[in-house]
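Peer 1: Handing over upload18.csv, CSV, C-alpha atoms and all ligand atoms.
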```csv
chain,number,residue,atom,x,y,z
W,26,MET,CA,-0.7,-47.1,72.1
W,27,ILE,CA,-0.9,-43.9,70.2
W,28,GLU,CA,1.0,-45.5,67.3
W,29,ARG,CA,-1.5,-48.3,67.3
W,30,LEU,CA,-4.4,-45.9,67.2
W,31,PHE,CA,-2.7,-43.9,64.4
W,32,ALA,CA,-2.2,-47.1,62.4
W,33,ALA,CA,-5.8,-48.1,63.0
W,34,CYS,CA,-7.0,-44.7,61.8
W,35,LEU,CA,-4.8,-45.0,58.6
W,36,TRP,CA,-6.3,-48.4,58.0
W,37,VAL,CA,-9.9,-47.1,58.3
W,38,LEU,CA,-9.1,-44.1,56.0
W,39,ALA,CA,-7.5,-46.5,53.5
W,40,GLY,CA,-10.5,-48.7,53.6
W,41,SER,CA,-13.0,-45.9,53.0
W,42,ALA,CA,-10.8,-44.5,50.2
W,43,ALA,CA,-10.8,-47.9,48.6
W,44,ALA,CA,-14.6,-48.1,48.8
W,45,ALA,CA,-14.9,-44.6,47.4
W,46,GLU,CA,-12.5,-45.4,44.6
W,47,ARG,CA,-14.1,-48.7,43.7
W,48,LEU,CA,-14.7,-48.5,39.9
W,49,PRO,CA,-18.3,-49.0,38.8
W,50,ILE,CA,-19.7,-52.4,37.7
W,51,ILE,CA,-22.8,-53.0,35.6
W,52,ASP,CA,-24.8,-56.1,36.6
W,53,MET,CA,-26.8,-57.0,33.4
W,54,HIS,CA,-28.7,-59.7,35.2
W,55,LEU,CA,-30.6,-58.8,38.4
W,56,HIS,CA,-34.1,-59.9,39.2
W,57,ALA,CA,-36.7,-58.2,41.4
W,58,ARG,CA,-38.4,-61.2,42.9
W,59,PRO,CA,-40.7,-61.7,45.9
W,60,ALA,CA,-39.1,-63.8,48.6
W,61,ASN,CA,-41.6,-66.6,48.1
W,62,TYR,CA,-40.7,-67.0,44.4
W,63,PHE,CA,-39.3,-70.5,44.9
W,64,GLY,CA,-41.9,-71.5,47.6
W,65,ALA,CA,-42.1,-71.1,51.3
W,66,ASN,CA,-38.7,-72.5,52.4
W,67,PRO,CA,-36.1,-72.0,49.8
W,68,PRO,CA,-32.8,-73.7,50.5
W,69,PRO,CA,-29.6,-71.8,50.9
W,70,MET,CA,-27.4,-71.5,47.9
W,71,CYS,CA,-23.9,-72.8,47.5
W,72,ALA,CA,-21.6,-70.6,45.3
W,73,PRO,CA,-20.3,-72.6,43.6
W,74,PHE,CA,-22.5,-75.7,43.9
W,75,THR,CA,-20.7,-78.4,45.8
W,76,VAL,CA,-22.6,-81.3,44.2
W,77,MET,CA,-24.0,-81.1,40.6
W,78,PRO,CA,-27.5,-82.6,40.2
W,79,ARG,CA,-27.6,-86.4,40.4
W,80,SER,CA,-30.7,-88.7,40.6
W,81,ASP,CA,-31.7,-92.3,40.5
W,82,PRO,CA,-35.2,-92.4,38.7
W,83,LYS,CA,-36.5,-95.0,41.1
W,84,ASN,CA,-36.5,-92.3,43.8
W,85,GLY,CA,-38.0,-89.6,41.5
W,86,ILE,CA,-35.8,-87.4,39.4
W,87,ILE,CA,-36.4,-84.3,41.4
W,88,GLU,CA,-37.6,-85.7,44.7
W,89,GLY,CA,-34.6,-88.0,45.0
W,90,MET,CA,-32.1,-85.6,43.6
W,91,GLU,CA,-28.7,-85.0,45.3
W,92,PHE,CA,-27.6,-81.4,44.6
W,93,ASN,CA,-25.9,-78.4,46.0
W,94,GLY,CA,-24.7,-80.2,49.2
W,95,PRO,CA,-23.7,-81.7,51.6
W,96,PRO,CA,-23.0,-78.4,53.2
W,97,CYS,CA,-20.9,-75.9,51.4
W,98,ALA,CA,-18.4,-73.9,53.4
W,99,GLN,CA,-20.5,-70.7,53.3
W,100,PRO,CA,-24.1,-71.4,52.5
W,101,ILE,CA,-25.9,-68.3,51.3
W,102,PRO,CA,-29.3,-67.9,52.9
W,103,ALA,CA,-32.3,-66.9,50.9
W,104,ALA,CA,-33.7,-63.5,51.9
W,105,MET,CA,-36.6,-63.9,54.2
W,106,SER,CA,-39.0,-61.1,53.0
W,107,ASP,CA,-39.6,-59.0,50.0
W,108,GLU,CA,-38.0,-56.1,51.9
W,109,ASP,CA,-34.9,-58.2,52.6
W,110,VAL,CA,-34.5,-59.2,48.9
W,111,LEU,CA,-34.5,-55.5,48.0
W,112,GLY,CA,-32.6,-54.2,50.9
W,113,GLU,CA,-29.8,-56.8,50.8
W,114,THR,CA,-29.5,-56.4,47.0
W,115,VAL,CA,-29.1,-52.7,47.3
W,116,ALA,CA,-26.6,-53.1,50.1
W,117,ALA,CA,-24.5,-55.4,47.9
W,118,MET,CA,-24.7,-53.0,45.0
W,119,GLU,CA,-23.6,-50.1,47.1
W,120,LYS,CA,-20.7,-52.1,48.6
W,121,HIS,CA,-19.4,-53.1,45.2
W,122,ASN,CA,-20.5,-49.9,43.4
W,123,ILE,CA,-22.8,-51.8,41.1
W,124,TYR,CA,-25.4,-50.4,38.7
W,125,GLY,CA,-27.9,-53.0,37.6
W,126,VAL,CA,-30.4,-53.9,34.9
W,127,VAL,CA,-33.2,-55.3,37.0
W,128,SER,CA,-36.1,-57.3,35.5
W,129,GLY,CA,-39.3,-58.5,36.9
W,130,GLU,CA,-43.0,-57.4,36.9
W,131,PRO,CA,-43.7,-53.7,36.4
W,132,ALA,CA,-45.1,-53.0,39.9
W,133,MET,CA,-42.1,-54.5,41.6
W,134,ILE,CA,-39.6,-52.8,39.3
W,135,ALA,CA,-41.3,-49.5,40.1
W,136,ALA,CA,-40.9,-50.1,43.8
W,137,TRP,CA,-37.2,-51.2,43.4
W,138,SER,CA,-36.4,-48.2,41.2
W,139,ALA,CA,-38.0,-45.8,43.7
W,140,ARG,CA,-35.7,-47.2,46.4
W,141,ALA,CA,-32.5,-46.7,44.5
W,142,PRO,CA,-33.3,-44.7,41.4
W,143,ARG,CA,-29.7,-44.2,40.3
W,144,ARG,CA,-28.6,-47.8,40.8
W,145,PHE,CA,-31.3,-49.6,38.8
W,146,LEU,CA,-32.0,-49.6,35.1
W,147,PRO,CA,-35.5,-51.0,34.7
W,148,ALA,CA,-36.2,-54.0,32.5
W,149,ILE,CA,-39.1,-56.4,32.0
W,150,ASP,CA,-39.5,-60.2,32.2
W,151,TYR,CA,-41.2,-61.6,29.2
W,152,ARG,CA,-42.8,-65.0,29.3
W,153,LEU,CA,-44.5,-66.8,26.4
W,154,PRO,CA,-46.5,-69.7,27.7
W,155,GLY,CA,-46.0,-72.8,25.6
W,156,THR,CA,-48.1,-76.0,25.9
W,157,SER,CA,-47.2,-76.7,29.5
W,158,GLY,CA,-49.4,-74.0,31.0
W,159,LYS,CA,-46.9,-73.7,33.9
W,160,SER,CA,-46.5,-70.0,33.5
W,161,ARG,CA,-48.5,-68.1,36.1
W,162,ILE,CA,-48.1,-64.8,34.3
W,163,ALA,CA,-49.5,-64.0,30.9
W,164,PRO,CA,-47.2,-62.5,28.2
W,165,LYS,CA,-47.1,-58.7,28.3
W,166,PRO,CA,-49.2,-57.2,25.5
W,167,ILE,CA,-47.1,-55.3,23.1
W,168,GLU,CA,-49.0,-52.1,23.9
W,169,GLU,CA,-47.8,-52.4,27.6
W,170,LEU,CA,-44.2,-52.6,26.4
W,171,ARG,CA,-44.7,-49.6,24.2
W,172,ASP,CA,-46.1,-47.7,27.2
W,173,LEU,CA,-43.2,-48.6,29.5
W,174,HIS,CA,-40.9,-47.4,26.7
W,175,ARG,CA,-42.7,-44.1,26.4
W,176,ARG,CA,-42.2,-43.6,30.2
W,177,GLY,CA,-38.5,-44.4,30.0
W,178,GLN,CA,-39.0,-47.7,32.0
W,179,LEU,CA,-37.7,-50.1,29.3
W,180,THR,CA,-33.9,-50.2,29.3
W,181,VAL,CA,-34.0,-53.8,28.2
W,182,ILE,CA,-36.7,-56.3,27.1
W,183,GLY,CA,-35.7,-59.3,29.1
W,184,GLU,CA,-35.2,-61.7,30.7
W,185,ILE,CA,-37.1,-63.5,27.9
W,186,ILE,CA,-37.9,-66.7,29.7
W,187,ALA,CA,-39.5,-68.6,26.8
W,188,GLN,CA,-37.1,-71.6,27.0
W,189,TYR,CA,-38.6,-72.6,30.4
W,190,GLU,CA,-42.0,-72.8,28.6
W,191,GLY,CA,-40.7,-75.0,25.8
W,192,VAL,CA,-40.7,-72.1,23.3
W,193,ARG,CA,-37.9,-71.9,20.8
W,194,PRO,CA,-36.3,-68.4,20.1
W,195,ASP,CA,-37.4,-68.7,16.5
W,196,ASP,CA,-41.1,-69.5,17.5
W,197,PRO,CA,-43.3,-67.4,15.3
W,198,ARG,CA,-45.2,-66.2,18.4
W,199,LEU,CA,-42.1,-64.3,19.5
W,200,GLU,CA,-41.9,-62.5,16.1
W,201,PRO,CA,-43.9,-59.4,17.3
W,202,LEU,CA,-41.5,-59.0,20.2
W,203,TRP,CA,-38.4,-59.0,18.0
W,204,ALA,CA,-40.1,-56.6,15.6
W,205,LEU,CA,-41.0,-54.2,18.5
W,206,ALA,CA,-37.5,-54.3,19.9
W,207,GLU,CA,-36.0,-53.5,16.5
W,208,GLU,CA,-38.5,-50.7,16.0
W,209,LEU,CA,-38.0,-49.1,19.4
W,210,ASP,CA,-34.2,-49.8,19.2
W,211,VAL,CA,-34.4,-51.4,22.7
W,212,PRO,CA,-32.0,-54.2,23.5
W,213,VAL,CA,-33.3,-57.7,24.3
W,214,ALA,CA,-31.9,-60.3,26.6
W,215,ILE,CA,-32.9,-63.9,26.3
W,216,HIS,CA,-32.3,-66.9,28.6
W,217,MET,CA,-30.2,-69.4,26.8
W,218,GLY,CA,-28.6,-72.0,29.1
W,219,ASN,CA,-29.4,-74.3,32.0
W,220,GLY,CA,-32.6,-74.3,33.9
W,221,GLY,CA,-33.0,-75.4,37.5
W,222,PRO,CA,-31.6,-78.9,38.2
W,223,GLY,CA,-34.0,-81.5,36.7
W,224,GLU,CA,-35.9,-78.6,35.1
W,225,PRO,CA,-37.5,-80.7,32.3
W,226,TYR,CA,-39.4,-82.6,35.0
W,227,SER,CA,-40.5,-79.6,37.0
W,228,GLY,CA,-43.9,-79.3,35.2
W,229,GLY,CA,-42.8,-76.7,32.7
W,230,GLY,CA,-41.8,-77.2,29.1
W,231,TYR,CA,-38.1,-76.5,29.5
W,232,ARG,CA,-35.9,-78.1,26.9
W,233,VAL,CA,-32.1,-78.0,26.9
W,234,ALA,CA,-32.0,-77.9,23.1
W,235,PHE,CA,-33.9,-74.6,23.0
W,236,GLY,CA,-30.9,-72.9,24.6
W,237,ASN,CA,-28.7,-73.6,21.7
W,238,PRO,CA,-27.4,-70.2,20.4
W,239,LEU,CA,-27.7,-71.5,16.8
W,240,LEU,CA,-31.5,-71.2,17.2
W,241,LEU,CA,-31.1,-67.4,17.1
W,242,GLU,CA,-29.9,-67.5,13.5
W,243,PRO,CA,-33.3,-67.2,11.8
W,244,VAL,CA,-34.3,-64.4,14.2
W,245,LEU,CA,-31.1,-62.4,13.5
W,246,ALA,CA,-31.4,-63.0,9.8
W,247,ARG,CA,-34.8,-61.5,9.9
W,248,HIS,CA,-34.0,-58.7,12.3
W,249,PRO,CA,-30.5,-57.4,11.6
W,250,LYS,CA,-31.0,-54.3,13.8
W,251,LEU,CA,-31.8,-56.4,16.9
W,252,ARG,CA,-29.4,-55.6,19.9
W,253,ILE,CA,-29.3,-58.9,21.7
W,254,SER,CA,-27.7,-60.3,24.8
W,255,VAL,CA,-27.5,-64.1,25.3
W,256,MET,CA,-28.0,-64.5,29.0
W,257,HIS,CA,-25.9,-67.3,30.7
W,258,ALA,CA,-23.7,-67.0,27.6
W,259,GLY,CA,-25.3,-70.1,26.0
W,260,TYR,CA,-23.4,-72.2,28.6
W,261,PRO,CA,-22.0,-74.8,28.1
W,262,LEU,CA,-22.3,-74.7,24.3
W,263,ALA,CA,-19.2,-72.7,23.5
W,264,ASP,CA,-18.9,-73.9,19.9
W,265,SER,CA,-22.3,-72.6,19.0
W,266,MET,CA,-21.8,-69.5,20.9
W,267,ARG,CA,-18.5,-68.7,19.2
W,268,ALA,CA,-19.9,-69.5,15.8
W,269,MET,CA,-22.8,-67.1,16.4
W,270,MET,CA,-20.6,-64.3,17.9
W,271,PHE,CA,-18.3,-64.4,14.9
W,272,ASN,CA,-21.0,-64.3,12.3
W,273,TYR,CA,-23.4,-62.0,14.1
W,274,PRO,CA,-21.1,-59.4,15.6
W,275,GLN,CA,-24.0,-57.6,17.3
W,276,ILE,CA,-24.5,-60.4,19.8
W,277,TYR,CA,-23.3,-59.9,23.4
W,278,VAL,CA,-23.5,-62.4,26.3
W,279,ASP,CA,-23.8,-62.2,30.1
W,280,ILE,CA,-22.4,-64.6,32.6
W,281,GLY,CA,-25.4,-64.7,35.0
W,282,THR,CA,-25.6,-67.8,37.2
W,283,ILE,CA,-22.6,-69.6,35.7
W,284,VAL,CA,-20.3,-67.0,37.3
W,285,TYR,CA,-21.2,-68.2,40.8
W,286,ALA,CA,-22.9,-71.6,40.4
W,287,GLU,CA,-20.7,-73.7,38.2
W,288,PRO,CA,-17.5,-75.3,39.6
W,289,ARG,CA,-15.0,-72.5,39.4
W,290,ASN,CA,-12.6,-74.3,36.9
W,291,ALA,CA,-15.6,-75.1,34.6
W,292,PHE,CA,-16.7,-71.5,34.6
W,293,TYR,CA,-13.1,-70.3,34.1
W,294,SER,CA,-12.5,-72.6,31.2
W,295,TYR,CA,-15.7,-71.4,29.5
W,296,LEU,CA,-15.0,-67.8,30.1
W,297,ARG,CA,-11.4,-68.2,29.0
W,298,GLU,CA,-12.4,-70.0,25.8
W,299,LEU,CA,-14.7,-67.0,24.8
W,300,VAL,CA,-12.0,-64.5,25.8
W,301,GLU,CA,-9.2,-66.3,23.9
W,302,ALA,CA,-11.5,-66.6,20.9
W,303,GLY,CA,-11.4,-62.8,20.9
W,304,TYR,CA,-14.8,-62.0,22.4
W,305,GLY,CA,-13.6,-60.4,25.6
W,306,ASP,CA,-15.2,-57.1,24.4
W,307,ARG,CA,-18.7,-58.6,24.2
W,308,ILE,CA,-18.9,-60.5,27.5
W,309,MET,CA,-20.9,-58.6,30.2
W,310,PHE,CA,-20.9,-59.2,34.0
W,311,GLY,CA,-24.2,-60.5,35.4
W,312,SER,CA,-25.0,-62.2,38.6
W,313,ASP,CA,-28.6,-63.5,38.1
W,314,GLN,CA,-29.4,-62.6,41.7
W,315,MET,CA,-32.9,-63.8,42.4
W,316,ILE,CA,-33.6,-64.2,46.2
W,317,TRP,CA,-30.1,-64.9,47.4
W,318,PRO,CA,-28.4,-61.4,47.4
W,319,GLY,CA,-25.3,-63.0,48.9
W,320,VAL,CA,-24.4,-64.4,45.4
W,321,ILE,CA,-23.5,-61.0,44.2
W,322,GLU,CA,-20.2,-60.9,46.2
W,323,PRO,CA,-18.8,-64.2,45.0
W,324,SER,CA,-19.8,-63.3,41.4
W,325,VAL,CA,-17.7,-60.1,41.6
W,326,ARG,CA,-14.9,-62.0,43.2
W,327,ALA,CA,-14.9,-64.7,40.4
W,328,ILE,CA,-14.0,-62.0,37.9
W,329,GLU,CA,-11.6,-60.1,40.1
W,330,ASP,CA,-9.7,-63.4,40.8
W,331,ALA,CA,-9.7,-64.8,37.3
W,332,PRO,CA,-5.9,-65.3,36.8
W,333,PHE,CA,-6.1,-65.3,33.0
W,334,LEU,CA,-7.8,-61.8,32.7
W,335,SER,CA,-5.8,-58.6,32.4
W,336,GLU,CA,-7.0,-55.6,34.4
W,337,GLN,CA,-8.3,-54.1,31.2
W,338,GLN,CA,-10.3,-57.3,30.4
W,339,LYS,CA,-11.8,-57.2,33.9
W,340,ARG,CA,-12.9,-53.6,33.4
W,341,ASP,CA,-14.4,-54.5,30.0
W,342,ILE,CA,-16.4,-57.4,31.5
W,343,PHE,CA,-17.4,-55.4,34.6
W,344,TYR,CA,-18.4,-52.2,32.9
W,345,ASN,CA,-17.2,-51.1,29.4
W,346,ASN,CA,-18.9,-53.8,27.4
W,347,ALA,CA,-22.3,-53.3,29.0
W,348,ALA,CA,-22.0,-49.5,28.7
W,349,ARG,CA,-21.4,-50.0,24.9
W,350,PHE,CA,-24.2,-52.5,24.6
W,351,LEU,CA,-26.7,-50.3,26.4
W,352,ARG,CA,-25.3,-47.2,24.6
W,353,LEU,CA,-25.0,-45.3,27.8
W,354,SER,CA,-24.3,-41.6,27.3
W,355,LYS,CA,-20.9,-40.0,28.1
W,356,GLU,CA,-22.7,-38.1,30.9
W,357,GLU,CA,-24.1,-41.3,32.4
W,358,ILE,CA,-20.7,-43.1,32.3
W,359,ALA,CA,-19.1,-40.0,33.9
W,360,ARG,CA,-21.8,-40.0,36.6
W,361,HIS,CA,-21.2,-43.7,37.4
W,362,HIS,CA,-17.5,-43.0,37.7
W,363,ARG,CA,-18.1,-40.0,40.0
W,364,MET,CA,-20.5,-41.6,42.5
S,1,ZN,ZN,-32.0,-67.0,33.0
```
As structure tokens, please, write out the structure in this file.
Peer 2:
Amino acid sequence: MIERLFAACLWVLAGSAAAAERLPIIDMHLHARPANYFGANPPPMCAPFTVMPRSDPKNGIIEGMEFNGPPCAQPIPAAMSDEDVLGETVAAMEKHNIYGVVSGEPAMIAAWSARAPRRFLPAIDYRLPGTSGKSRIAPKPIEELRDLHRRGQLTVIGEIIAQYEGVRPDDPRLEPLWALAEELDVPVAIHMGNGGPGEPYSGGGYRVAFGNPLLLEPVLARHPKLRISVMHAGYPLADSMRAMMFNYPQIYVDIGTIVYAEPRNAFYSYLRELVEAGYGDRIMFGSDQMIWPGVIEPSVRAIEDAPFLSEQQKRDIFYNNAARFLRLSKEEIARHHRM
């Protein structure tokens, strides 16, 4: 009995030591969202999706869509209240020793930052309504962004969600934003990848083609000092992404959503292609947690379990690449590794 108790104590001690020693992770793609962001009764999430979107138009593309089910082994429930979105996100971050770039609207970002000031790096969503008029939120005036920057509340300008509005990255209306980011020397992060399933029919202006990384070329030609992260890594357009990463060596990518939502082998072959092409030092971990905080854990596990990554490559993706992209100070990096 005593032996068993002793063994149990050792196990507990080993467990807490492992938690204490867990090396830090930077999540480049967290959102501060209200629980009703996707309506009143958001469905649970499968990580990864068990069925990719499929529709027969006679039933309505979105209304009749089969997607994300029948039931996955471990459905991840949406958080039920604003407090739960925040509380469950912070709990997952503490469990996995995550520091996170969190974007949203300024009032909510302030509330989140107040809850866990050392865990969150504040960012800002940027929408540019196109012709669809779907966006409920007007674009931030440039002066507001300057003010956030003055107050130290602008680690990143992004997520730039223009693709959902049918706005191309090289749209002239985004020009003042690129110029500001360059002037302030603040990194930008832009959505380039899939929308929701059936997104082009959801009432917005989303177009697949506007997620092509090649569309950043005129922007980067005009703004060579822009520090830019392509969110969702331009998935699944690996050819374009590689061409851009070679010729524009300042581009980084994050793996938000694709890390947990895509079928595991599909995600791994995309990640592996970018790593084997030599870009393992510019790929950053990101979950794209919105209102399903439970997706953070399988996202972390997807990198931990990737059989083709060395321990060093995992550390680079989890932390080192983001620390370099964000230009974290030596002191901040040391603090992350101490906590
Ligand atoms: Zn996105």
Peer 1: Can you pull out every residue with an atom within 7 Å of ligand ZN 1 (chain S)? Use all atoms listed in the file and format it as a ChimeraX atom specification.
Peer 2: /W:184,186,216-217,256-257
Peer 1: Could you please take those selected residues and save C-alpha atoms as a CSV table (one decimal), in the coordinates of the input?
Peer 2:
```
chain,number,residue,atom,x,y,z
W,184,GLU,CA,-35.2,-61.7,30.7
W,186,ILE,CA,-37.9,-66.7,29.7
W,216,HIS,CA,-32.3,-66.9,28.6
W,217,MET,CA,-30.2,-69.4,26.8
W,256,MET,CA,-28.0,-64.5,29.0
W,257,HIS,CA,-25.9,-67.3,30.7
```
Peer 1: Could you give me, as JSON lines, every stretch 272-292 of chain W residue with an atom at most 8 Å from stretch 70-83 of chain W, plus its closest atom pair and distance in Å to one decimal, counting all atoms listed in the file, rows ordered by chain then number?
Peer 2:
```
{"residue": "W:Tyr285", "atom": "CA", "partner": "W:Ala72", "partner_atom": "CA", "distance": 5.1}
{"residue": "W:Ala286", "atom": "CA", "partner": "W:Pro73", "partner_atom": "CA", "distance": 4.2}
{"residue": "W:Glu287", "atom": "CA", "partner": "W:Pro73", "partner_atom": "CA", "distance": 5.5}
{"residue": "W:Pro288", "atom": "CA", "partner": "W:Pro73", "partner_atom": "CA", "distance": 5.6}
{"residue": "W:Arg289", "atom": "CA", "partner": "W:Pro73", "partner_atom": "CA", "distance": 6.8}
```
Peer 1: Considering all atoms listed in the file, can you say which of W:Ser265, W:Thr180, W:Ser354, W:Gln275 comes closest to W:Ala206?
Peer 2: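 Checking each of W:Ser265, W:Thr180, W:Ser354, W:Gln275 against W:Ala206, counting all atoms listed in the file, the winner is W:Thr180.
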Peer 1: When distances are computed from all atoms listed in the file, which of W:Leu199, W:Ala132, W:Leu209, W:Val244 shows the smallest separation from W:His174?
Peer 2: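 Going through W:Leu199, W:Ala132, W:Leu209, W:Val244 one by one, the smallest distance to W:His174 is for W:Leu209.
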Peer 1: Can you tell me how far atom CA of W:Lys339 sits from atom CA of W:Pro49, in Å to one decimal?
Peer 2: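 Straight-line distance from atom CA of W:Lys339 to atom CA of W:Pro49 works out to 11.6 Å.
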Peer 1: Let me make sure I understand: among W:Ile253, W:Leu173, W:Ile316, W:Ala302, which one has the smallest atom-to-atom distance to W:Glu108 if we use only C-alpha atoms?
Peer 2: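 Under the stated criterion, the closest residue is W:Ile316.
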Peer 1: Within 8 Å of W:Tyr260, counting all atoms listed in the file, which residues qualify if same-chain residues fewer than 2 places away don't, as a PyMOL selection string?
Peer 2: chain W and resi 217-219+257-258+262-263+283+295
